[in-house]
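Shown next: input.cif, containing mmCIF, C-alpha atoms and all ligand atoms.
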data_input
#
loop_
_atom_site.label_atom_id
_atom_site.label_comp_id
_atom_site.auth_asym_id
_atom_site.auth_seq_id
_atom_site.Cartn_x
_atom_site.Cartn_y
_atom_site.Cartn_z
CA MET A 1 -20.11 -51.66 16.17
CA GLY A 2 -21.28 -48.08 15.68
CA ILE A 3 -24.73 -48.89 17.03
CA LYS A 4 -23.25 -50.50 20.13
CA LEU A 5 -20.82 -47.63 20.70
CA ARG A 6 -23.64 -45.13 20.35
CA ARG A 7 -25.79 -47.04 22.80
CA ALA A 8 -22.89 -47.11 25.25
CA GLY A 9 -22.44 -43.36 24.92
CA ILE A 10 -18.87 -43.70 23.64
CA PRO A 11 -17.83 -41.03 21.12
CA PHE A 12 -16.63 -42.44 17.79
CA THR A 13 -16.14 -41.76 14.11
CA ILE A 14 -16.43 -44.33 11.32
CA LEU A 15 -13.99 -43.83 8.44
CA GLU A 16 -15.46 -45.26 5.24
CA LYS A 17 -13.71 -45.13 1.91
CA GLY A 18 -16.95 -45.57 -0.02
CA ASP A 19 -19.63 -42.98 -0.58
CA ARG A 20 -22.43 -44.78 1.27
CA VAL A 21 -22.96 -47.59 3.76
CA GLY A 22 -23.45 -51.19 2.65
CA GLY A 23 -19.93 -52.61 2.34
CA VAL A 24 -19.92 -55.59 -0.01
CA TRP A 25 -23.65 -55.09 -0.62
CA ARG A 26 -22.92 -51.61 -1.95
CA ASP A 27 -20.12 -52.85 -4.22
CA ASN A 28 -21.50 -56.16 -5.51
CA THR A 29 -24.34 -55.25 -7.84
CA TYR A 30 -23.87 -58.04 -10.40
CA PRO A 31 -27.03 -59.63 -11.87
CA GLY A 32 -28.60 -62.01 -9.37
CA ALA A 33 -26.55 -60.76 -6.37
CA ALA A 34 -28.34 -62.05 -3.29
CA CYS A 35 -27.90 -63.56 0.13
CA ASP A 36 -26.85 -67.19 0.27
CA ILE A 37 -28.57 -67.73 3.58
CA PRO A 38 -32.16 -66.91 4.54
CA SER A 39 -32.55 -63.19 5.13
CA HIS A 40 -34.15 -63.63 8.52
CA LEU A 41 -30.78 -65.00 9.61
CA TYR A 42 -28.89 -62.27 7.76
CA SER A 43 -30.50 -59.54 9.89
CA TYR A 44 -29.37 -57.89 13.10
CA SER A 45 -30.97 -59.53 16.12
CA PHE A 46 -32.11 -56.11 17.33
CA GLU A 47 -33.56 -55.13 13.96
CA PRO A 48 -35.40 -58.14 12.59
CA SER A 49 -36.68 -57.05 9.21
CA HIS A 50 -40.16 -58.45 8.81
CA ASP A 51 -40.63 -57.43 5.21
CA TRP A 52 -38.06 -59.36 3.17
CA SER A 53 -39.85 -60.02 -0.10
CA ARG A 54 -38.30 -63.46 -0.48
CA LYS A 55 -36.45 -66.06 1.52
CA TYR A 56 -33.03 -65.07 0.19
CA GLY A 57 -32.99 -61.28 -0.02
CA SER A 58 -31.57 -59.65 -3.13
CA GLN A 59 -28.69 -57.17 -3.09
CA PRO A 60 -30.99 -54.10 -3.45
CA GLU A 61 -33.09 -55.30 -0.52
CA ILE A 62 -30.05 -55.93 1.67
CA GLN A 63 -28.61 -52.54 0.71
CA ALA A 64 -31.95 -50.91 1.60
CA TYR A 65 -31.95 -52.75 4.94
CA LEU A 66 -28.44 -51.52 5.76
CA ASP A 67 -29.35 -47.95 4.75
CA HIS A 68 -32.41 -48.22 6.95
CA CYS A 69 -30.33 -49.43 9.93
CA ALA A 70 -27.76 -46.66 9.49
CA HIS A 71 -30.50 -44.02 9.54
CA LYS A 72 -32.68 -45.56 12.21
CA TYR A 73 -29.77 -45.98 14.60
CA VAL A 74 -28.48 -42.47 13.87
CA LEU A 75 -25.11 -43.54 12.46
CA MET A 76 -24.92 -41.24 9.46
CA GLN A 77 -23.62 -38.26 11.41
CA HIS A 78 -20.79 -40.44 12.75
CA ILE A 79 -19.61 -41.63 9.33
CA ARG A 80 -16.96 -39.85 7.30
CA PHE A 81 -17.41 -41.03 3.71
CA GLY A 82 -14.62 -40.92 1.15
CA ALA A 83 -12.15 -41.49 3.98
CA ALA A 84 -9.79 -44.26 2.83
CA VAL A 85 -7.42 -45.27 5.62
CA GLN A 86 -3.86 -45.66 4.37
CA ARG A 87 -1.91 -46.14 7.55
CA ALA A 88 -2.27 -46.04 11.31
CA ASP A 89 0.51 -45.31 13.84
CA PHE A 90 0.27 -45.77 17.56
CA ASP A 91 2.16 -43.41 19.85
CA PRO A 92 2.70 -45.33 23.11
CA THR A 93 3.61 -42.19 25.06
CA ALA A 94 0.46 -40.33 24.19
CA ALA A 95 -1.50 -43.60 23.89
CA THR A 96 -2.94 -42.27 20.67
CA TRP A 97 -3.52 -43.64 17.22
CA THR A 98 -2.87 -41.36 14.30
CA VAL A 99 -4.81 -42.56 11.28
CA THR A 100 -3.69 -41.21 7.93
CA LEU A 101 -6.20 -41.00 5.11
CA ALA A 102 -5.53 -41.22 1.39
CA ASP A 103 -6.14 -37.46 1.04
CA GLY A 104 -3.40 -36.78 3.60
CA ASN A 105 -5.73 -35.82 6.46
CA GLU A 106 -5.08 -37.32 9.87
CA VAL A 107 -7.53 -38.47 12.51
CA CYS A 108 -6.50 -39.17 16.12
CA SER A 109 -8.17 -41.57 18.51
CA SER A 110 -7.44 -43.60 21.63
CA PHE A 111 -8.73 -46.86 20.23
CA LEU A 112 -8.97 -48.21 16.72
CA VAL A 113 -11.36 -50.89 15.47
CA ALA A 114 -10.58 -52.37 12.07
CA ALA A 115 -13.78 -53.39 10.31
CA THR A 116 -12.62 -53.42 6.72
CA GLY A 117 -14.21 -56.78 5.89
CA GLN A 118 -12.54 -59.67 4.13
CA LEU A 119 -13.90 -59.07 0.67
CA SER A 120 -13.78 -55.36 0.01
CA LEU A 121 -10.88 -55.58 -2.48
CA PRO A 122 -11.60 -57.73 -5.55
CA ALA A 123 -8.69 -59.98 -6.48
CA ASP A 124 -8.08 -59.55 -10.20
CA PRO A 125 -6.28 -62.65 -11.44
CA SER A 126 -3.24 -62.19 -13.63
CA PHE A 127 -3.21 -64.66 -16.51
CA PRO A 128 -0.37 -64.67 -19.01
CA GLY A 129 -1.76 -62.93 -22.08
CA LEU A 130 -4.51 -61.05 -20.29
CA ASP A 131 -2.85 -57.78 -21.26
CA ARG A 132 -3.23 -58.73 -24.92
CA PHE A 133 -6.93 -59.59 -24.65
CA GLU A 134 -8.81 -56.99 -26.66
CA GLY A 135 -12.30 -57.62 -25.28
CA LYS A 136 -13.95 -56.15 -22.24
CA VAL A 137 -12.72 -57.41 -18.85
CA PHE A 138 -14.32 -56.73 -15.48
CA HIS A 139 -14.60 -58.31 -12.05
CA SER A 140 -18.03 -59.35 -10.82
CA ALA A 141 -17.54 -57.16 -7.73
CA ARG A 142 -17.23 -54.14 -10.03
CA TRP A 143 -19.89 -55.07 -12.57
CA ASP A 144 -20.04 -52.77 -15.59
CA HIS A 145 -23.79 -52.31 -16.03
CA ASP A 146 -23.20 -50.11 -19.08
CA TYR A 147 -21.61 -52.97 -20.97
CA ASP A 148 -24.23 -54.86 -22.96
CA LEU A 149 -23.59 -58.61 -22.93
CA ARG A 150 -26.27 -59.33 -25.53
CA GLY A 151 -24.88 -61.34 -28.42
CA LYS A 152 -21.35 -61.50 -26.93
CA ARG A 153 -19.13 -64.52 -26.36
CA VAL A 154 -18.51 -64.46 -22.64
CA ALA A 155 -15.95 -66.32 -20.56
CA VAL A 156 -16.52 -66.53 -16.82
CA ILE A 157 -13.42 -67.40 -14.82
CA GLY A 158 -14.26 -69.19 -11.63
CA THR A 159 -17.27 -70.87 -10.08
CA GLY A 160 -17.44 -69.26 -6.65
CA ALA A 161 -20.58 -68.04 -4.91
CA SER A 162 -20.88 -64.96 -7.13
CA ALA A 163 -20.52 -66.87 -10.43
CA ILE A 164 -23.17 -69.32 -9.29
CA GLN A 165 -25.52 -66.38 -8.84
CA PHE A 166 -24.82 -64.40 -12.01
CA VAL A 167 -24.14 -67.13 -14.61
CA PRO A 168 -27.81 -68.19 -14.86
CA GLN A 169 -28.76 -64.51 -15.15
CA ILE A 170 -26.45 -63.63 -18.03
CA ALA A 171 -26.46 -66.93 -19.92
CA PRO A 172 -29.75 -66.19 -21.76
CA ARG A 173 -28.33 -62.86 -22.98
CA ALA A 174 -24.92 -64.02 -24.21
CA ALA A 175 -24.43 -65.58 -27.65
CA GLN A 176 -22.11 -68.12 -26.00
CA LEU A 177 -21.06 -68.47 -22.41
CA HIS A 178 -18.11 -70.54 -21.23
CA VAL A 179 -17.44 -71.12 -17.55
CA PHE A 180 -13.86 -71.99 -16.59
CA GLN A 181 -13.31 -73.73 -13.32
CA ARG A 182 -10.16 -75.05 -11.71
CA SER A 183 -11.97 -77.23 -9.20
CA ALA A 184 -15.67 -78.00 -9.05
CA PRO A 185 -17.58 -76.53 -6.14
CA TYR A 186 -20.32 -78.30 -4.24
CA VAL A 187 -23.67 -76.96 -5.34
CA LEU A 188 -26.92 -77.51 -3.48
CA PRO A 189 -30.39 -76.44 -4.56
CA LYS A 190 -31.37 -73.04 -3.15
CA PRO A 191 -34.96 -73.28 -1.94
CA ASP A 192 -35.68 -69.62 -2.66
CA ARG A 193 -39.24 -68.36 -2.87
CA PRO A 194 -41.11 -65.10 -2.58
CA TYR A 195 -42.67 -64.40 0.80
CA THR A 196 -46.35 -63.70 0.90
CA ARG A 197 -47.24 -61.29 3.64
CA LEU A 198 -49.40 -62.76 6.38
CA VAL A 199 -51.54 -59.72 6.48
CA PRO A 200 -50.76 -58.23 9.88
CA ASN A 201 -53.59 -57.68 12.39
CA LEU A 202 -55.86 -60.21 10.73
CA PHE A 203 -57.45 -63.08 12.63
CA LEU A 204 -59.52 -65.79 10.99
CA LEU A 205 -62.21 -67.44 13.10
CA TYR A 206 -62.88 -70.99 11.90
CA GLY A 207 -59.93 -70.49 9.54
CA PRO A 208 -57.68 -73.10 7.91
CA ASN A 209 -57.30 -76.45 9.70
CA THR A 210 -59.87 -75.75 12.38
CA ASN A 211 -62.67 -77.88 10.98
CA LEU A 212 -63.66 -81.01 12.93
CA GLY A 213 -65.24 -84.35 12.19
CA HIS A 214 -65.72 -85.35 15.78
CA ASN A 215 -66.56 -82.44 18.09
CA SER A 216 -68.00 -78.97 18.47
CA ILE A 217 -66.83 -76.03 16.38
CA ILE A 218 -68.21 -73.75 19.11
CA TYR A 219 -65.50 -75.08 21.41
CA MET A 220 -62.89 -74.27 18.75
CA LEU A 221 -64.34 -70.80 18.16
CA GLU A 222 -64.27 -69.96 21.86
CA SER A 223 -60.61 -70.96 21.98
CA GLN A 224 -60.00 -68.63 19.05
CA THR A 225 -61.89 -65.64 20.43
CA ASP A 226 -60.01 -65.86 23.72
CA TYR A 227 -56.75 -66.06 21.80
CA VAL A 228 -57.63 -63.00 19.70
CA LEU A 229 -58.44 -61.03 22.85
CA GLU A 230 -55.08 -62.01 24.34
CA ALA A 231 -53.38 -60.77 21.16
CA LEU A 232 -55.27 -57.47 21.26
CA ARG A 233 -54.36 -57.01 24.92
CA HIS A 234 -50.72 -57.73 24.15
CA ALA A 235 -50.70 -55.14 21.35
CA ALA A 236 -52.37 -52.54 23.57
CA THR A 237 -50.06 -53.06 26.55
CA HIS A 238 -46.91 -53.05 24.41
CA GLY A 239 -47.84 -50.09 22.25
CA ALA A 240 -47.76 -52.20 19.09
CA ARG A 241 -49.78 -50.87 16.17
CA TRP A 242 -49.47 -54.16 14.37
CA LEU A 243 -48.46 -57.74 14.98
CA ASP A 244 -47.84 -60.51 12.54
CA VAL A 245 -46.98 -64.20 12.87
CA ARG A 246 -43.30 -64.86 12.31
CA PRO A 247 -42.88 -66.74 9.00
CA GLU A 248 -40.74 -69.41 10.69
CA ALA A 249 -43.39 -69.97 13.42
CA HIS A 250 -46.04 -70.22 10.72
CA ARG A 251 -43.92 -72.72 8.79
CA GLU A 252 -43.07 -74.88 11.81
CA PHE A 253 -46.70 -75.01 12.94
CA ASN A 254 -47.80 -76.04 9.46
CA GLU A 255 -45.13 -78.69 9.08
CA GLU A 256 -46.14 -80.23 12.40
CA LEU A 257 -49.81 -80.05 11.48
CA GLN A 258 -49.36 -81.55 8.03
CA GLY A 259 -47.20 -84.30 9.54
CA GLN A 260 -50.09 -85.26 11.84
CA LEU A 261 -52.64 -85.02 9.03
CA ARG A 262 -50.66 -87.44 6.88
CA LYS A 263 -51.63 -90.20 9.32
CA THR A 264 -55.35 -89.46 9.11
CA VAL A 265 -58.13 -91.04 7.05
CA TRP A 266 -58.59 -87.83 5.03
CA GLN A 267 -55.18 -88.42 3.53
CA ALA A 268 -55.86 -92.03 2.63
CA GLY A 269 -56.25 -91.30 -1.08
CA CYS A 270 -59.88 -90.16 -1.43
CA ASP A 271 -60.67 -86.83 -3.06
CA SER A 272 -62.62 -84.53 -0.78
CA TRP A 273 -63.18 -80.85 -0.18
CA TYR A 274 -60.78 -81.10 2.75
CA VAL A 275 -57.81 -81.73 0.50
CA THR A 276 -56.34 -79.49 -2.22
CA GLU A 277 -55.38 -80.83 -5.63
CA ALA A 278 -51.79 -81.02 -4.38
CA GLY A 279 -52.95 -83.34 -1.59
CA LYS A 280 -52.65 -80.85 1.27
CA ASN A 281 -55.37 -80.88 3.88
CA THR A 282 -56.07 -77.21 4.54
CA ASN A 283 -59.30 -77.80 6.39
CA ASN A 284 -59.23 -80.16 9.29
CA TRP A 285 -57.75 -80.18 12.74
CA PRO A 286 -55.96 -83.52 13.15
CA SER A 287 -56.04 -83.79 16.93
CA PHE A 288 -58.28 -83.47 19.98
CA THR A 289 -60.17 -80.24 20.62
CA PHE A 290 -58.61 -79.95 24.06
CA ASP A 291 -55.24 -80.03 22.33
CA TYR A 292 -56.33 -77.03 20.25
CA ARG A 293 -57.53 -75.30 23.45
CA ARG A 294 -54.17 -75.99 25.07
CA GLN A 295 -52.22 -74.60 22.11
CA THR A 296 -54.32 -71.43 21.95
CA ARG A 297 -54.72 -70.88 25.68
CA PHE A 298 -51.91 -68.34 25.86
CA PHE A 299 -50.83 -65.78 23.31
CA ASP A 300 -47.11 -66.33 22.84
CA PRO A 301 -45.53 -63.01 21.76
CA VAL A 302 -42.29 -64.79 20.78
CA GLN A 303 -44.12 -66.20 17.76
CA TYR A 304 -44.98 -62.72 16.52
CA VAL A 305 -43.21 -59.73 15.13
CA THR A 306 -44.58 -56.31 15.97
CA ASP A 307 -43.65 -52.74 15.23
CA ALA A 308 -42.86 -52.34 18.93
CA ASP A 309 -40.11 -55.00 18.76
CA SER A 310 -37.14 -52.91 17.80
CA GLN A 311 -37.39 -49.82 19.90
CA ILE A 312 -34.02 -48.18 20.30
CA GLU A 313 -32.84 -48.40 23.87
CA PRO A 314 -32.40 -45.04 25.56
CA LEU A 315 -28.90 -43.71 25.05
CA VAL A 316 -26.55 -43.58 27.98
CA ALA A 317 -26.38 -40.03 29.31
CA GLY A 318 -23.33 -38.14 28.16
CA GLY A 319 -22.15 -36.97 24.77
CA THR A 320 -22.26 -39.42 21.93
CA GLU A 321 -20.94 -37.18 19.27
CA PRO A 322 -17.40 -37.43 17.97
C1 LIG A 401 -21.05 -61.08 -3.15
C2 LIG A 401 -21.00 -61.44 -1.70
C3 LIG A 401 -22.03 -62.18 -1.14
C4 LIG A 401 -21.98 -62.52 0.20
N1 LIG A 401 -23.01 -63.26 0.72
C5 LIG A 401 -23.01 -63.57 2.03
C6 LIG A 401 -24.09 -64.31 2.59
O1 LIG A 401 -25.01 -64.72 1.90
N2 LIG A 401 -24.05 -64.60 3.91
C7 LIG A 401 -23.02 -64.17 4.70
O2 LIG A 401 -23.03 -64.42 5.91
N3 LIG A 401 -21.99 -63.46 4.19
C8 LIG A 401 -21.96 -63.16 2.88
N4 LIG A 401 -20.89 -62.46 2.36
C9 LIG A 401 -19.76 -62.10 3.24
C10 LIG A 401 -19.83 -60.62 3.58
O3 LIG A 401 -18.57 -60.08 3.32
C11 LIG A 401 -20.22 -60.40 5.02
O4 LIG A 401 -21.46 -61.01 5.27
C12 LIG A 401 -20.35 -58.92 5.41
O5 LIG A 401 -20.39 -58.05 4.36
C13 LIG A 401 -19.17 -58.55 6.27
O6 LIG A 401 -19.39 -57.23 6.71
P1 LIG A 401 -18.19 -56.30 7.10
O7 LIG A 401 -18.78 -55.02 7.58
O8 LIG A 401 -17.27 -57.06 8.01
O9 LIG A 401 -17.37 -56.09 5.74
P2 LIG A 401 -17.73 -55.30 4.41
O10 LIG A 401 -19.15 -55.46 4.03
O11 LIG A 401 -16.69 -55.69 3.41
O12 LIG A 401 -17.52 -53.77 4.83
C14 LIG A 401 -16.21 -53.24 5.04
C15 LIG A 401 -16.25 -51.75 4.76
O13 LIG A 401 -14.96 -51.24 5.04
C16 LIG A 401 -14.63 -50.31 4.02
N5 LIG A 401 -13.17 -50.27 3.92
C17 LIG A 401 -12.32 -51.27 3.55
N6 LIG A 401 -11.04 -50.86 3.59
C18 LIG A 401 -11.08 -49.57 4.00
C19 LIG A 401 -10.08 -48.59 4.23
N7 LIG A 401 -8.79 -48.85 4.07
N8 LIG A 401 -10.47 -47.36 4.64
C20 LIG A 401 -11.77 -47.06 4.83
N9 LIG A 401 -12.77 -47.93 4.61
C21 LIG A 401 -12.42 -49.18 4.21
C22 LIG A 401 -15.28 -50.86 2.77
O14 LIG A 401 -15.49 -49.84 1.80
C23 LIG A 401 -16.59 -51.42 3.32
O15 LIG A 401 -17.64 -50.48 3.27
C24 LIG A 401 -20.89 -62.12 1.02
C25 LIG A 401 -19.86 -61.38 0.43
C26 LIG A 401 -19.90 -61.06 -0.92
C27 LIG A 401 -18.77 -60.30 -1.51
#
How does the structure come out when it is put into structure tokens?
Amino acid sequence: MGIKLRRAGIPFTILEKGDRVGGVWRDNTYPGAACDIPSHLYSYSFEPSHDWSRKYGSQPEIQAYLDHCAHKYVLMQHIRFGAAVQRADFDPTAATWTVTLADGNEVCSSFLVAATGQLSLPADPSFPGLDRFEGKVFHSARWDHDYDLRGKRVAVIGTGASAIQFVPQIAPRAAQLHVFQRSAPYVLPKPDRPYTRLVPNLFLLYGPNTNLGHNSIIYMLESQTDYVLEALRHAATHGARWLDVRPEAHREFNEELQGQLRKTVWQAGCDSWYVTEAGKNTNNWPSFTFDYRRQTRFFDPVQYVTDADSQIEPLVAGGTEP
């Protein structure tokens, strides 16, 4: 919201009760805290982060991304930290909101946007007898990192998304770990994996899956050199210092390619230098050479991420400060 208001040249102040940006990603630091959806989806469309280290970014990475966004988009000077909103009153005559903070200060504005999230206040359950429990009690959203769980008997109440992330992390440390659940959740495997960088600005001539058994490699190489030149031209004309294939484009291309290769003679069960021990053909092009020429005829910038992608649009003239 702040980024959009700034771009629109509308003065604003963000009142934040915490001491830094991040919201739930600032507060939830429990072991194993991470995104439950792929991080490329959990990124602003205007700030695609190309350097997530794994498919499902961890809490520190997401926090770093949000810090980065707040700085890059010049939000910090608009944020008042330690400003917990306690009440807000609208005066219809003056058409003004008066927002009262926990420290008694008041802030006036014409419009008010509530962006307090749905999960910023942990719900501590109240069990009969909890007050008599003499052990340590804390909520996963306020994890006590100073408390050493090694050798302890630990009870985890609940099997929500957070428990599913931290239970496997703490189980090896605890002497015993009991998980209490009222109703069983659905659990699916999480296909997490580290990302390997695709080495930006690197082109491989006669690289993987460009070998042929039926036609001229020269024809393939000429397709590649033209493609590389197109990429270099694109970088030069767009002021990009680097470009890199989007991981999802890389994955889709490979899935399609491997799907075609599965129907070929190289995959019929013989060992050969074309096929890895795992049975993946990393060498050969499965189709016609003119098909390769067609696919490489134009450099498609949509399949790439570059450092010129997320330029901040010029601000609308007029004050943007609160
Ligand atoms: C552990 C965890 C994991 C999650 N994982 C995912 C996921 O994988 N994918 C997904 O899509 N979503 C996930 N979510 C949901 C997550 O809440 C949202 O994705 C996202 O954080 C919502 O952003 P927000 O800015 O609306 O709220 P928040 O991140 O909650 O930010 C609200 C901000 O408002 C501040 N605030 C609250 N009340 C006041 C007040 N009275 N005065 C001043 N400031 C106040 C808070 O301090 C906080 O900084 C997860 C949530 C949690 C808790």
_Tell me which residues come within 7 Å of (-4.2, -42.7, 5.1), as a VMD selection string, counting all atoms listed in the file in the file's coordinates._
chain A and resid 84 to 87 99 to 104
*Using all atoms listed in the file, what are the residues with an atom within 9 Å of ligand LIG 401 (chain A), set out as a ChimeraX atom specification?*
/A:14-30,33-39,41-42,56-57,59,81-87,101-102,114-122,140-141,161-162,165
*Of the candidates A:Ala155, A:Glu222, A:Pro31, A:Val74, which shows the shortest atom-to-atom distance to Lys136 of chain A, using only C-alpha atoms?*
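Checking each of A:Ala155, A:Glu222, A:Pro31, A:Val74 against Lys136 of chain A, counting only C-alpha atoms, the winner is A:Ala155.
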*Spatial neighbours of segment 175-190 of chain A, max dist 12 Å, all atoms listed in the file, sep filter under 2 positions, as number ranges by chain*: A: 34-38, 55-56, 148-161, 163-173, 192-193
Expected file contents, prior selection, C-alpha atoms, as a PDB file, keeping the file's coordinate frame:
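Saved to out_1.pdb:
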ATOM      1  CA  ALA A  34     -28.340 -62.050  -3.290  1.00  0.00           C
ATOM      2  CA  CYS A  35     -27.900 -63.560   0.130  1.00  0.00           C
ATOM      3  CA  ASP A  36     -26.850 -67.190   0.270  1.00  0.00           C
ATOM      4  CA  ILE A  37     -28.570 -67.730   3.580  1.00  0.00           C
ATOM      5  CA  PRO A  38     -32.160 -66.910   4.540  1.00  0.00           C
ATOM      6  CA  LYS A  55     -36.450 -66.060   1.520  1.00  0.00           C
ATOM      7  CA  TYR A  56     -33.030 -65.070   0.190  1.00  0.00           C
ATOM      8  CA  ASP A 148     -24.230 -54.860 -22.960  1.00  0.00           C
ATOM      9  CA  LEU A 149     -23.590 -58.610 -22.930  1.00  0.00           C
ATOM     10  CA  ARG A 150     -26.270 -59.330 -25.530  1.00  0.00           C
ATOM     11  CA  GLY A 151     -24.880 -61.340 -28.420  1.00  0.00           C
ATOM     12  CA  LYS A 152     -21.350 -61.500 -26.930  1.00  0.00           C
ATOM     13  CA  ARG A 153     -19.130 -64.520 -26.360  1.00  0.00           C
ATOM     14  CA  VAL A 154     -18.510 -64.460 -22.640  1.00  0.00           C
ATOM     15  CA  ALA A 155     -15.950 -66.320 -20.560  1.00  0.00           C
ATOM     16  CA  VAL A 156     -16.520 -66.530 -16.820  1.00  0.00           C
ATOM     17  CA  ILE A 157     -13.420 -67.400 -14.820  1.00  0.00           C
ATOM     18  CA  GLY A 158     -14.260 -69.190 -11.630  1.00  0.00           C
ATOM     19  CA  THR A 159     -17.270 -70.870 -10.080  1.00  0.00           C
ATOM     20  CA  GLY A 160     -17.440 -69.260  -6.650  1.00  0.00           C
ATOM     21  CA  ALA A 161     -20.580 -68.040  -4.910  1.00  0.00           C
ATOM     22  CA  ALA A 163     -20.520 -66.870 -10.430  1.00  0.00           C
ATOM     23  CA  ILE A 164     -23.170 -69.320  -9.290  1.00  0.00           C
ATOM     24  CA  GLN A 165     -25.520 -66.380  -8.840  1.00  0.00           C
ATOM     25  CA  PHE A 166     -24.820 -64.400 -12.010  1.00  0.00           C
ATOM     26  CA  VAL A 167     -24.140 -67.130 -14.610  1.00  0.00           C
ATOM     27  CA  PRO A 168     -27.810 -68.190 -14.860  1.00  0.00           C
ATOM     28  CA  GLN A 169     -28.760 -64.510 -15.150  1.00  0.00           C
ATOM     29  CA  ILE A 170     -26.450 -63.630 -18.030  1.00  0.00           C
ATOM     30  CA  ALA A 171     -26.460 -66.930 -19.920  1.00  0.00           C
ATOM     31  CA  PRO A 172     -29.750 -66.190 -21.760  1.00  0.00           C
ATOM     32  CA  ARG A 173     -28.330 -62.860 -22.980  1.00  0.00           C
ATOM     33  CA  ASP A 192     -35.680 -69.620  -2.660  1.00  0.00           C
ATOM     34  CA  ARG A 193     -39.240 -68.360  -2.870  1.00  0.00           C
TER      35      ARG A 193
END
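Here atom CA of Pro191 of chain A is placed at a distance of 27.6 Å from atom CA of His145 of chain A.
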*In terms of the shortest atom-to-atom distance over all atoms listed in the file, which of A:Gly279, A:Pro286, A:Gly129, A:Pro247 is closest to Pro48 of chain A?*
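Among the listed residues, A:Pro247 lies closest to Pro48 of chain A.
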*asked:* I'd like to know which of A:His78, A:Arg251, A:His238, A:Lys263 is closest to Pro301 of chain A, using only C-alpha atoms.
replied: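 Comparing A:His78, A:Arg251, A:His238, A:Lys263 against Pro301 of chain A, the winner is A:His238.
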